[in-house]
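The data block below is my_file22.cif; it holds mmCIF, C-alpha atoms and all ligand atoms.
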data_final
loop_
_atom_site.label_atom_id
_atom_site.label_comp_id
_atom_site.auth_asym_id
_atom_site.auth_seq_id
_atom_site.Cartn_x
_atom_site.Cartn_y
_atom_site.Cartn_z
CA MET A 1488 -7.42 49.66 24.06
CA ARG A 1489 -9.36 49.13 20.89
CA THR A 1490 -6.17 48.33 18.96
CA ARG A 1491 -5.05 45.78 21.49
CA ARG A 1492 -8.40 43.95 21.41
CA ARG A 1493 -8.18 43.73 17.63
CA ALA A 1494 -4.70 42.24 17.88
CA ILE A 1495 -5.93 39.57 20.27
CA SER A 1496 -8.80 38.71 17.92
CA LEU A 1497 -6.35 38.32 15.05
CA VAL A 1498 -4.20 35.91 17.08
CA MET A 1499 -7.26 33.84 17.89
CA LEU A 1500 -8.28 33.78 14.22
CA VAL A 1501 -4.84 32.65 13.07
CA GLY A 1502 -4.77 30.03 15.79
CA GLY A 1503 -8.12 28.73 14.66
CA LEU A 1504 -6.95 28.46 11.05
CA ALA A 1505 -3.81 26.63 12.11
CA ALA A 1506 -5.94 24.15 14.05
CA CYS A 1507 -8.06 23.49 10.94
CA VAL A 1508 -4.99 22.87 8.80
CA SER A 1509 -3.42 20.52 11.32
CA GLU A 1510 -6.60 18.41 11.41
CA ARG A 1511 -6.29 17.61 7.72
CA PRO A 1512 -5.04 14.10 6.96
CA THR A 1513 -1.40 14.21 5.92
CA THR A 1514 -1.81 11.53 3.25
CA ALA A 1515 -4.51 10.91 0.68
CA PRO A 1516 -7.04 8.23 1.63
CA GLU A 1517 -6.25 4.75 0.40
CA PRO A 1518 -8.13 3.86 -2.77
CA PRO A 1519 -10.51 0.94 -2.33
CA THR A 1520 -9.06 -2.38 -3.42
CA ASP A 1521 -10.86 -5.59 -4.17
CA GLY A 1522 -9.94 -8.72 -2.30
CA ASN A 1523 -7.39 -9.94 -4.81
CA SER A 1524 -5.38 -6.83 -5.59
CA VAL A 1525 -2.07 -5.78 -4.12
CA ALA A 1526 -0.60 -2.37 -4.87
CA ILE A 1527 3.15 -1.95 -4.93
CA LYS A 1528 3.73 1.61 -3.86
CA ASN A 1529 6.14 3.61 -1.78
CA PHE A 1530 8.34 0.50 -1.63
CA ALA A 1531 5.70 -1.61 0.06
CA PHE A 1532 3.10 -4.24 -0.77
CA VAL A 1533 -0.37 -2.89 0.10
CA PRO A 1534 -1.97 -4.73 1.76
CA PRO A 1535 1.02 -6.76 2.99
CA ASN A 1536 -1.18 -9.72 3.95
CA LEU A 1537 -3.76 -11.10 1.56
CA SER A 1538 -5.99 -14.14 1.92
CA MET A 1539 -7.64 -15.74 -1.09
CA ALA A 1540 -9.17 -19.02 -2.15
CA SER A 1541 -7.30 -21.56 -4.23
CA GLY A 1542 -8.15 -20.98 -7.88
CA ALA A 1543 -8.51 -17.22 -7.46
CA THR A 1544 -6.19 -14.76 -9.17
CA VAL A 1545 -4.31 -11.98 -7.46
CA THR A 1546 -2.99 -8.96 -9.32
CA TRP A 1547 -0.03 -6.91 -8.19
CA THR A 1548 0.20 -3.42 -9.69
CA ASN A 1549 3.41 -1.45 -9.51
CA GLN A 1550 2.45 2.14 -8.75
CA ASP A 1551 6.03 3.23 -8.10
CA ASP A 1552 8.35 4.69 -10.70
CA VAL A 1553 10.99 2.02 -10.14
CA ALA A 1554 10.94 -1.69 -10.93
CA HIS A 1555 10.11 -4.22 -8.23
CA THR A 1556 9.78 -7.99 -8.10
CA VAL A 1557 7.16 -10.24 -6.57
CA SER A 1558 9.23 -13.22 -5.47
CA ALA A 1559 8.06 -16.10 -3.32
CA ASP A 1560 10.49 -16.99 -0.53
CA ASP A 1561 10.29 -20.63 -1.60
CA ASP A 1562 11.82 -19.50 -4.92
CA LYS A 1563 9.44 -21.48 -7.09
CA THR A 1564 5.78 -20.56 -6.57
CA PHE A 1565 6.13 -17.19 -8.30
CA ASP A 1566 8.97 -14.84 -9.14
CA ALA A 1567 8.29 -11.94 -11.45
CA GLY A 1568 9.76 -8.56 -12.23
CA VAL A 1569 7.16 -5.80 -12.35
CA GLU A 1570 8.09 -2.61 -14.18
CA PRO A 1571 6.55 0.74 -13.25
CA GLY A 1572 2.88 0.82 -14.23
CA GLN A 1573 2.85 -2.90 -15.01
CA THR A 1574 0.98 -5.74 -13.35
CA PHE A 1575 1.71 -9.32 -12.44
CA GLN A 1576 -1.01 -11.92 -11.97
CA PHE A 1577 -0.81 -15.19 -10.13
CA THR A 1578 -3.52 -17.81 -9.84
CA ALA A 1579 -3.33 -19.53 -6.49
CA GLY A 1580 -2.83 -23.28 -6.45
CA ALA A 1581 -2.32 -25.41 -3.38
CA PRO A 1582 -3.61 -23.97 -0.09
CA GLY A 1583 -0.87 -22.70 2.16
CA THR A 1584 0.96 -19.61 3.29
CA TYR A 1585 3.31 -18.05 0.80
CA THR A 1586 5.65 -15.33 1.97
CA TYR A 1587 7.24 -13.17 -0.69
CA PHE A 1588 9.53 -10.20 -1.07
CA CYS A 1589 11.11 -7.87 -3.63
CA ARG A 1590 14.54 -8.93 -4.86
CA PHE A 1591 15.61 -5.32 -5.39
CA HIS A 1592 14.39 -4.16 -1.98
CA PRO A 1593 14.42 -7.15 0.38
CA PHE A 1594 12.79 -5.11 3.13
CA MET A 1595 9.60 -5.25 1.05
CA LYS A 1596 7.68 -8.26 2.31
CA GLY A 1597 4.23 -9.72 1.85
CA THR A 1598 2.25 -12.81 2.67
CA LEU A 1599 -0.27 -14.59 0.51
CA THR A 1600 -2.54 -17.03 2.35
CA VAL A 1601 -4.31 -19.47 0.04
CA THR A 1602 -7.34 -21.21 1.52
CA ALA A 1603 -9.27 -24.21 0.24
CA PRO A 1604 -11.82 -23.17 -2.39
CU CU B 1 11.17 -3.39 -4.83
#
Mind turning this structure into structure tokens?
Ligand SMILES: [Cu+2]
Amino acid sequence: MRTRRRAISLVMLVGGLAACVSERPTTAPEPPTDGNSVAIKNFAFVPPNLSMASGATVTWTNQDDVAHTVSADDDKTFDAGVEPGQTFQFTAGAPGTYTYFCRFHPFMKGTLTVTAP
């Protein structure tokens, strides 16, 4: 009887540990970003939507280990290759909504909304 009770306690202990482990977040928390920074990581623009005032500068930082591009859909506002660990900066001009993508991975999409200063 004593042995059986101990076995039950052990099961409860293991179950409790498993519950603790499963409550852990599965990914690291996002690092804080200022309003004009976009990370390129895990084949995505983070955040995908950014709003900024005309005249402000936005910086994209490639945190992946492959090259990406930051290419405006209109093909003329900005179009830059960004190597791993490198950055690309763009100073917003005319207010408007600028959608962009990565030429190497067209599923990577972002939107830059430029407001009046
Ligand atoms: Cu890419």
Determine, counting all atoms listed in the file, which protein, DNA and RNA residues have an atom within 12 Å of an atom of A:Asp1551; residues of the same chain fewer than 2 positions away are not included. Present the result as an MDAnalysis selection string. chainID A and resid 1526:1532 1547:1549 1553:1556 1569:1574
Find the residues near A:Gly1542: any atom within 8 Å, counting only C-alpha atoms, skip ones fewer than 4 places away on the same chain, and give them as a PDB file with C-alpha atoms, keeping the file's coordinate frame.
ATOM      1  CA  THR A1578      -3.520 -17.810  -9.840  1.00  0.00           C
ATOM      2  CA  ALA A1579      -3.330 -19.530  -6.490  1.00  0.00           C
ATOM      3  CA  GLY A1580      -2.830 -23.280  -6.450  1.00  0.00           C
ATOM      4  CA  PRO A1604     -11.820 -23.170  -2.390  1.00  0.00           C
TER       5      PRO A1604
END
Pick from A:Thr1564, A:Thr1602, A:Gln1550, A:Thr1584 nearest to ligand CU 1 (chain B), counting only C-alpha atoms and all ligand atoms: A:Gln1550
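Between atom CA of A:Lys1563 and atom CA of A:Val1533 there is a distance of 22.2 Å.
Atom pair atom CA of A:Thr1586 / atom CA of A:Pro1534 has a distance of 13.1 Å (rounded to one decimal).
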Do you have the atom CA of A:Phe1591-atom CA of A:Thr1544 distance handy?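 Going from atom CA of A:Phe1591 over to atom CA of A:Thr1544, I get 24.1 Å.
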With all atoms listed in the file as the counted atoms, please give the residues lying no more than 12 Å from A:Ser1558, apart from itself and same-chain residues fewer than 2 positions off, as a PyMOL selection string. chain A and resi 1532+1547+1555-1556+1560-1569+1575+1577+1585-1593+1595-1599
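Checking A:Val1557, A:Ala1581, A:Val1545, A:Leu1537 one by one against ligand CU 1 (chain B), counting only C-alpha atoms and all ligand atoms, you find the shortest gap at A:Val1557.
Proximity ranking of A:Asp1552, A:Thr1546, A:Ser1538, A:Pro1582 relative to ligand CU 1 (chain B) places A:Asp1552 first, based on all atoms listed in the file.
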